[in-house]
Amino acid sequence: MKIAVIIVRILLGLMFAFASIAFFFKLMPEPETTGSIKTFTDGIVASIYLMPTVKTFELLCAIALLSGRFVPLATVVIFPITLNILLFHVFLAPEGMVVAILLMIGNLFLGYYYRDKYIALFSAK
């Protein structure tokens, strides 16, 4: 189980690191979009702060995942981003659903592995 956790943690870290570095250094051209995807991305771009903030959190979580430090925290912080990636592909771009599902499964797997660390979050006191 421990080897599987290390593999999933490294793969997730690499995926988020690549995505955030590619965004900040503009390593890939912006794809042409139409319809609902264009409306969605235009709204995100119009907010000015949203994508840099998301990509900053992705990079910080990638560093945590790759280094093995603060992994339970990184798993919790990256979960809403992973969920939004999945929902984006479910509703707007189903062609990228495989990667989104793998991201979600990896995040849920790490969350399950570190479930003992989250008990304090759910206590009523």
# chains A, B, ... in the order shown; residues from 1 in each chain; ligands from 1
call {"tool": "residues_around", "arguments": {"residues": "Thr56 (chain A)", "least_positions_apart": "4", "cutoff": "12 Å", "atoms": "only C-alpha atoms", "output": "ChimeraX atom specification"}}
result
/A:16-17,19-24,49-52,60-63,77-78,81
call {"tool": "write_last_selection", "arguments": {"atoms": "N, CA and C atoms", "output": "PDB file, in the first residue's frame"}}
result
ATOM      1  N   PHE A  16       0.163  18.141 -11.594  1.00  0.00           N
ATOM      2  CA  PHE A  16      -0.161  19.504 -11.172  1.00  0.00           C
ATOM      3  C   PHE A  16       1.024  20.445 -11.372  1.00  0.00           C
ATOM      4  N   ALA A  17       2.237  19.972 -11.169  1.00  0.00           N
ATOM      5  CA  ALA A  17       3.415  20.816 -11.395  1.00  0.00           C
ATOM      6  C   ALA A  17       3.523  21.197 -12.869  1.00  0.00           C
ATOM      7  N   ALA A  19       1.115  21.311 -15.113  1.00  0.00           N
ATOM      8  CA  ALA A  19       0.016  22.205 -15.495  1.00  0.00           C
ATOM      9  C   ALA A  19       0.263  23.629 -15.006  1.00  0.00           C
ATOM     10  N   SER A  20       0.750  23.784 -13.796  1.00  0.00           N
ATOM     11  CA  SER A  20       0.959  25.137 -13.279  1.00  0.00           C
ATOM     12  C   SER A  20       2.178  25.808 -13.914  1.00  0.00           C
ATOM     13  N   ILE A  21       3.243  25.069 -14.115  1.00  0.00           N
ATOM     14  CA  ILE A  21       4.435  25.650 -14.760  1.00  0.00           C
ATOM     15  C   ILE A  21       4.122  26.025 -16.207  1.00  0.00           C
ATOM     16  N   ALA A  22       3.383  25.174 -16.904  1.00  0.00           N
ATOM     17  CA  ALA A  22       2.997  25.482 -18.283  1.00  0.00           C
ATOM     18  C   ALA A  22       2.136  26.737 -18.337  1.00  0.00           C
ATOM     19  N   PHE A  23       1.294  26.943 -17.329  1.00  0.00           N
ATOM     20  CA  PHE A  23       0.461  28.148 -17.294  1.00  0.00           C
ATOM     21  C   PHE A  23       1.308  29.392 -17.053  1.00  0.00           C
ATOM     22  N   PHE A  24       2.163  29.346 -16.040  1.00  0.00           N
ATOM     23  CA  PHE A  24       2.939  30.536 -15.679  1.00  0.00           C
ATOM     24  C   PHE A  24       3.959  30.925 -16.739  1.00  0.00           C
ATOM     25  N   TYR A  49      -7.974  37.360 -11.471  1.00  0.00           N
ATOM     26  CA  TYR A  49      -7.226  36.753 -10.375  1.00  0.00           C
ATOM     27  C   TYR A  49      -7.409  35.236 -10.254  1.00  0.00           C
ATOM     28  N   LEU A  50      -8.470  34.684 -10.819  1.00  0.00           N
ATOM     29  CA  LEU A  50      -8.841  33.301 -10.513  1.00  0.00           C
ATOM     30  C   LEU A  50      -7.809  32.282 -10.990  1.00  0.00           C
ATOM     31  N   MET A  51      -7.429  32.315 -12.253  1.00  0.00           N
ATOM     32  CA  MET A  51      -6.492  31.306 -12.766  1.00  0.00           C
ATOM     33  C   MET A  51      -5.108  31.405 -12.117  1.00  0.00           C
ATOM     34  N   PRO A  52      -4.534  32.600 -11.948  1.00  0.00           N
ATOM     35  CA  PRO A  52      -3.247  32.641 -11.242  1.00  0.00           C
ATOM     36  C   PRO A  52      -3.328  32.093  -9.813  1.00  0.00           C
ATOM     37  N   LEU A  60       1.851  24.857  -5.329  1.00  0.00           N
ATOM     38  CA  LEU A  60       2.191  24.600  -3.926  1.00  0.00           C
ATOM     39  C   LEU A  60       1.840  23.173  -3.523  1.00  0.00           C
ATOM     40  N   CYS A  61       0.680  22.693  -3.960  1.00  0.00           N
ATOM     41  CA  CYS A  61       0.285  21.314  -3.654  1.00  0.00           C
ATOM     42  C   CYS A  61       1.172  20.317  -4.386  1.00  0.00           C
ATOM     43  N   ALA A  62       1.580  20.643  -5.595  1.00  0.00           N
ATOM     44  CA  ALA A  62       2.490  19.763  -6.333  1.00  0.00           C
ATOM     45  C   ALA A  62       3.825  19.639  -5.605  1.00  0.00           C
ATOM     46  N   ILE A  63       4.330  20.752  -5.105  1.00  0.00           N
ATOM     47  CA  ILE A  63       5.582  20.719  -4.351  1.00  0.00           C
ATOM     48  C   ILE A  63       5.419  19.867  -3.097  1.00  0.00           C
ATOM     49  N   VAL A  77      -6.434  20.598   0.136  1.00  0.00           N
ATOM     50  CA  VAL A  77      -6.427  21.867  -0.610  1.00  0.00           C
ATOM     51  C   VAL A  77      -6.678  21.636  -2.093  1.00  0.00           C
ATOM     52  N   ILE A  78      -6.132  20.569  -2.652  1.00  0.00           N
ATOM     53  CA  ILE A  78      -6.246  20.341  -4.093  1.00  0.00           C
ATOM     54  C   ILE A  78      -7.590  19.706  -4.464  1.00  0.00           C
ATOM     55  N   ILE A  81     -10.111  21.835  -6.479  1.00  0.00           N
ATOM     56  CA  ILE A  81      -9.597  22.066  -7.832  1.00  0.00           C
ATOM     57  C   ILE A  81      -9.803  20.818  -8.673  1.00  0.00           C
TER      58      ILE A  81
END
call {"tool": "residues_around", "arguments": {"residues": "Met15 (chain A)", "least_positions_apart": "6", "cutoff": "10 Å", "atoms": "only C-alpha atoms", "output": "ChimeraX atom specification"}}
result
/A:58-59,62,99,103
call {"tool": "residues_around", "arguments": {"residues": "Leu86 (chain A)", "least_positions_apart": "5", "cutoff": "10 Å", "atoms": "only C-alpha atoms", "output": "PyMOL selection string"}}
result
chain A and resi 80-81+91-94+96-104
call {"tool": "write_last_selection", "arguments": {"atoms": "N, CA and C atoms", "output": "compact mmCIF listing (two decimals), in the first residue's frame"}}
result
# COMPACT_ATOMS: atom_id res chain seq x y z
N PRO A 80 -10.88 20.60 -4.09
CA PRO A 80 -11.85 21.41 -4.85
C PRO A 80 -11.40 21.70 -6.28
N ILE A 81 -10.11 21.83 -6.48
CA ILE A 81 -9.60 22.07 -7.83
C ILE A 81 -9.80 20.82 -8.67
N PHE A 91 -19.31 18.19 -17.86
CA PHE A 91 -20.34 19.03 -18.46
C PHE A 91 -19.93 19.75 -19.74
N LEU A 92 -18.65 20.05 -19.91
CA LEU A 92 -18.26 20.88 -21.05
C LEU A 92 -17.33 20.20 -22.05
N ALA A 93 -16.41 19.39 -21.59
CA ALA A 93 -15.41 18.82 -22.49
C ALA A 93 -15.19 17.34 -22.18
N PRO A 94 -16.13 16.49 -22.56
CA PRO A 94 -16.01 15.07 -22.19
C PRO A 94 -14.80 14.36 -22.80
N GLY A 96 -11.76 15.00 -22.45
CA GLY A 96 -10.65 14.95 -21.48
C GLY A 96 -11.03 14.28 -20.18
N MET A 97 -12.11 13.54 -20.20
CA MET A 97 -12.65 12.96 -18.96
C MET A 97 -11.73 11.91 -18.34
N VAL A 98 -10.97 11.18 -19.14
CA VAL A 98 -10.13 10.11 -18.60
C VAL A 98 -9.10 10.69 -17.62
N VAL A 99 -8.43 11.75 -18.00
CA VAL A 99 -7.44 12.37 -17.13
C VAL A 99 -8.11 12.94 -15.89
N ALA A 100 -9.26 13.56 -16.05
CA ALA A 100 -9.98 14.13 -14.91
C ALA A 100 -10.40 13.05 -13.92
N ILE A 101 -10.85 11.92 -14.43
CA ILE A 101 -11.24 10.82 -13.55
C ILE A 101 -10.02 10.26 -12.82
N LEU A 102 -8.91 10.13 -13.53
CA LEU A 102 -7.68 9.64 -12.89
C LEU A 102 -7.19 10.61 -11.80
N LEU A 103 -7.29 11.91 -12.05
CA LEU A 103 -6.94 12.89 -11.02
C LEU A 103 -7.82 12.72 -9.79
N MET A 104 -9.12 12.58 -10.01
CA MET A 104 -10.05 12.44 -8.89
C MET A 104 -9.80 11.14 -8.13
call {"tool": "atom_distance", "arguments": {"atom1": "CA of Phe109 (chain A)", "atom2": "CA of Phe88 (chain A)"}}
result
20.8 Å
call {"tool": "residues_around", "arguments": {"residues": "Thr75 (chain A)", "least_positions_apart": "2", "cutoff": "7 Å", "atoms": "only C-alpha atoms", "output": "JSON, numbers by chain"}}
result
{"A": [71, 72, 73, 77, 78, 79, 107, 110, 111]}
call {"tool": "closest_residue", "arguments": {"among": "A:Gly68, A:Pro29, A:Ile85, A:Val90", "to": "Val5 (chain A)", "atoms": "only C-alpha atoms"}}
result
A:Gly68
call {"tool": "select_by_dssp", "arguments": {"residues": "chain A", "states": "helix (DSSP H, G or I)", "output": "PDB file with C-alpha atoms, in the first residue's frame"}}
result
ATOM      1  CA  LYS A   2       2.829   2.382   0.855  1.00  0.00           C
ATOM      2  CA  ILE A   3       4.402   1.982  -2.592  1.00  0.00           C
ATOM      3  CA  ALA A   4       1.049   2.692  -4.251  1.00  0.00           C
ATOM      4  CA  VAL A   5       0.698   5.866  -2.174  1.00  0.00           C
ATOM      5  CA  ILE A   6       4.160   7.036  -3.227  1.00  0.00           C
ATOM      6  CA  ILE A   7       3.421   6.328  -6.896  1.00  0.00           C
ATOM      7  CA  VAL A   8       0.045   8.121  -6.814  1.00  0.00           C
ATOM      8  CA  ARG A   9       1.504  11.029  -4.844  1.00  0.00           C
ATOM      9  CA  ILE A  10       4.381  11.490  -7.319  1.00  0.00           C
ATOM     10  CA  LEU A  11       2.130  11.181 -10.394  1.00  0.00           C
ATOM     11  CA  LEU A  12      -0.375  13.705  -9.047  1.00  0.00           C
ATOM     12  CA  GLY A  13       2.446  16.033  -8.070  1.00  0.00           C
ATOM     13  CA  LEU A  14       3.985  15.831 -11.528  1.00  0.00           C
ATOM     14  CA  MET A  15       0.651  16.438 -13.271  1.00  0.00           C
ATOM     15  CA  PHE A  16      -0.161  19.504 -11.172  1.00  0.00           C
ATOM     16  CA  ALA A  17       3.415  20.816 -11.395  1.00  0.00           C
ATOM     17  CA  PHE A  18       3.420  20.515 -15.178  1.00  0.00           C
ATOM     18  CA  ALA A  19       0.016  22.205 -15.495  1.00  0.00           C
ATOM     19  CA  SER A  20       0.959  25.137 -13.279  1.00  0.00           C
ATOM     20  CA  ILE A  21       4.435  25.650 -14.760  1.00  0.00           C
ATOM     21  CA  ALA A  22       2.997  25.482 -18.283  1.00  0.00           C
ATOM     22  CA  PHE A  23       0.461  28.148 -17.294  1.00  0.00           C
ATOM     23  CA  PHE A  24       2.939  30.536 -15.679  1.00  0.00           C
ATOM     24  CA  GLY A  35     -19.631  27.548 -27.430  1.00  0.00           C
ATOM     25  CA  SER A  36     -20.013  26.845 -23.734  1.00  0.00           C
ATOM     26  CA  ILE A  37     -16.303  26.257 -23.196  1.00  0.00           C
ATOM     27  CA  LYS A  38     -15.509  29.690 -24.647  1.00  0.00           C
ATOM     28  CA  THR A  39     -18.101  31.325 -22.406  1.00  0.00           C
ATOM     29  CA  PHE A  40     -16.701  29.526 -19.373  1.00  0.00           C
ATOM     30  CA  THR A  41     -13.061  30.367 -20.101  1.00  0.00           C
ATOM     31  CA  ASP A  42     -13.897  33.979 -20.986  1.00  0.00           C
ATOM     32  CA  GLY A  43     -15.547  34.332 -17.576  1.00  0.00           C
ATOM     33  CA  ILE A  44     -12.520  32.906 -15.792  1.00  0.00           C
ATOM     34  CA  VAL A  45     -10.127  35.119 -17.750  1.00  0.00           C
ATOM     35  CA  ALA A  46     -12.317  38.162 -17.093  1.00  0.00           C
ATOM     36  CA  LEU A  50      -8.841  33.301 -10.513  1.00  0.00           C
ATOM     37  CA  MET A  51      -6.492  31.306 -12.766  1.00  0.00           C
ATOM     38  CA  PRO A  52      -3.247  32.641 -11.242  1.00  0.00           C
ATOM     39  CA  THR A  53      -4.618  31.810  -7.791  1.00  0.00           C
ATOM     40  CA  VAL A  54      -5.680  28.303  -8.804  1.00  0.00           C
ATOM     41  CA  LYS A  55      -2.366  27.630 -10.527  1.00  0.00           C
ATOM     42  CA  THR A  56      -0.441  28.938  -7.504  1.00  0.00           C
ATOM     43  CA  PHE A  57      -2.301  26.513  -5.242  1.00  0.00           C
ATOM     44  CA  GLU A  58      -1.712  23.735  -7.767  1.00  0.00           C
ATOM     45  CA  LEU A  59       2.016  24.470  -7.727  1.00  0.00           C
ATOM     46  CA  LEU A  60       2.191  24.600  -3.926  1.00  0.00           C
ATOM     47  CA  CYS A  61       0.285  21.314  -3.654  1.00  0.00           C
ATOM     48  CA  ALA A  62       2.490  19.763  -6.333  1.00  0.00           C
ATOM     49  CA  ILE A  63       5.582  20.719  -4.351  1.00  0.00           C
ATOM     50  CA  ALA A  64       4.042  19.226  -1.210  1.00  0.00           C
ATOM     51  CA  LEU A  65       3.076  16.026  -3.028  1.00  0.00           C
ATOM     52  CA  LEU A  66       6.469  15.639  -4.682  1.00  0.00           C
ATOM     53  CA  SER A  67       8.411  16.353  -1.502  1.00  0.00           C
ATOM     54  CA  VAL A  71       0.620  15.613   1.928  1.00  0.00           C
ATOM     55  CA  PRO A  72      -2.641  15.391   3.945  1.00  0.00           C
ATOM     56  CA  LEU A  73      -2.982  19.189   3.752  1.00  0.00           C
ATOM     57  CA  ALA A  74      -2.158  19.234   0.040  1.00  0.00           C
ATOM     58  CA  THR A  75      -4.760  16.529  -0.577  1.00  0.00           C
ATOM     59  CA  VAL A  76      -7.455  18.622   1.118  1.00  0.00           C
ATOM     60  CA  VAL A  77      -6.427  21.867  -0.610  1.00  0.00           C
ATOM     61  CA  ILE A  78      -6.246  20.341  -4.093  1.00  0.00           C
ATOM     62  CA  PHE A  79      -9.576  18.480  -3.797  1.00  0.00           C
ATOM     63  CA  PRO A  80     -11.854  21.410  -4.851  1.00  0.00           C
ATOM     64  CA  ILE A  81      -9.597  22.066  -7.832  1.00  0.00           C
ATOM     65  CA  THR A  82      -9.693  18.399  -8.811  1.00  0.00           C
ATOM     66  CA  LEU A  83     -13.476  18.360  -8.412  1.00  0.00           C
ATOM     67  CA  ASN A  84     -13.809  21.404 -10.685  1.00  0.00           C
ATOM     68  CA  ILE A  85     -11.544  19.784 -13.279  1.00  0.00           C
ATOM     69  CA  LEU A  86     -13.764  16.698 -13.209  1.00  0.00           C
ATOM     70  CA  LEU A  87     -17.010  18.696 -13.431  1.00  0.00           C
ATOM     71  CA  PHE A  88     -15.619  20.813 -16.271  1.00  0.00           C
ATOM     72  CA  HIS A  89     -14.953  17.669 -18.266  1.00  0.00           C
ATOM     73  CA  VAL A  90     -18.270  16.054 -17.336  1.00  0.00           C
ATOM     74  CA  PHE A  91     -20.342  19.035 -18.456  1.00  0.00           C
ATOM     75  CA  PRO A  94     -16.007  15.067 -22.193  1.00  0.00           C
ATOM     76  CA  GLU A  95     -13.014  14.267 -24.415  1.00  0.00           C
ATOM     77  CA  GLY A  96     -10.655  14.945 -21.484  1.00  0.00           C
ATOM     78  CA  MET A  97     -12.649  12.963 -18.962  1.00  0.00           C
ATOM     79  CA  VAL A  98     -10.126  10.114 -18.597  1.00  0.00           C
ATOM     80  CA  VAL A  99      -7.436  12.369 -17.129  1.00  0.00           C
ATOM     81  CA  ALA A 100      -9.978  14.133 -14.911  1.00  0.00           C
ATOM     82  CA  ILE A 101     -11.242  10.818 -13.551  1.00  0.00           C
ATOM     83  CA  LEU A 102      -7.676   9.642 -12.889  1.00  0.00           C
ATOM     84  CA  LEU A 103      -6.936  12.888 -11.022  1.00  0.00           C
ATOM     85  CA  MET A 104     -10.048  12.440  -8.891  1.00  0.00           C
ATOM     86  CA  ILE A 105      -9.329   8.775  -8.171  1.00  0.00           C
ATOM     87  CA  GLY A 106      -5.756   9.639  -7.175  1.00  0.00           C
ATOM     88  CA  ASN A 107      -6.914  12.437  -4.906  1.00  0.00           C
ATOM     89  CA  LEU A 108      -9.584  10.252  -3.288  1.00  0.00           C
ATOM     90  CA  PHE A 109      -7.061   7.429  -2.848  1.00  0.00           C
ATOM     91  CA  LEU A 110      -4.655   9.734  -1.014  1.00  0.00           C
ATOM     92  CA  GLY A 111      -7.523  11.142   1.036  1.00  0.00           C
ATOM     93  CA  TYR A 112      -8.519   7.627   2.033  1.00  0.00           C
ATOM     94  CA  TYR A 113      -4.953   6.690   2.926  1.00  0.00           C
ATOM     95  CA  ARG A 115      -8.105   9.549   6.603  1.00  0.00           C
ATOM     96  CA  ASP A 116      -6.759   9.280  10.168  1.00  0.00           C
ATOM     97  CA  LYS A 117      -5.252  12.755   9.810  1.00  0.00           C
ATOM     98  CA  TYR A 118      -8.697  14.262   9.100  1.00  0.00           C
ATOM     99  CA  ILE A 119     -10.528  13.010  12.201  1.00  0.00           C
ATOM    100  CA  ALA A 120      -9.997  16.330  14.005  1.00  0.00           C
ATOM    101  CA  LEU A 121     -11.677  18.178  11.136  1.00  0.00           C
ATOM    102  CA  PHE A 122     -14.919  16.304  11.715  1.00  0.00           C
TER     103      PHE A 122
END
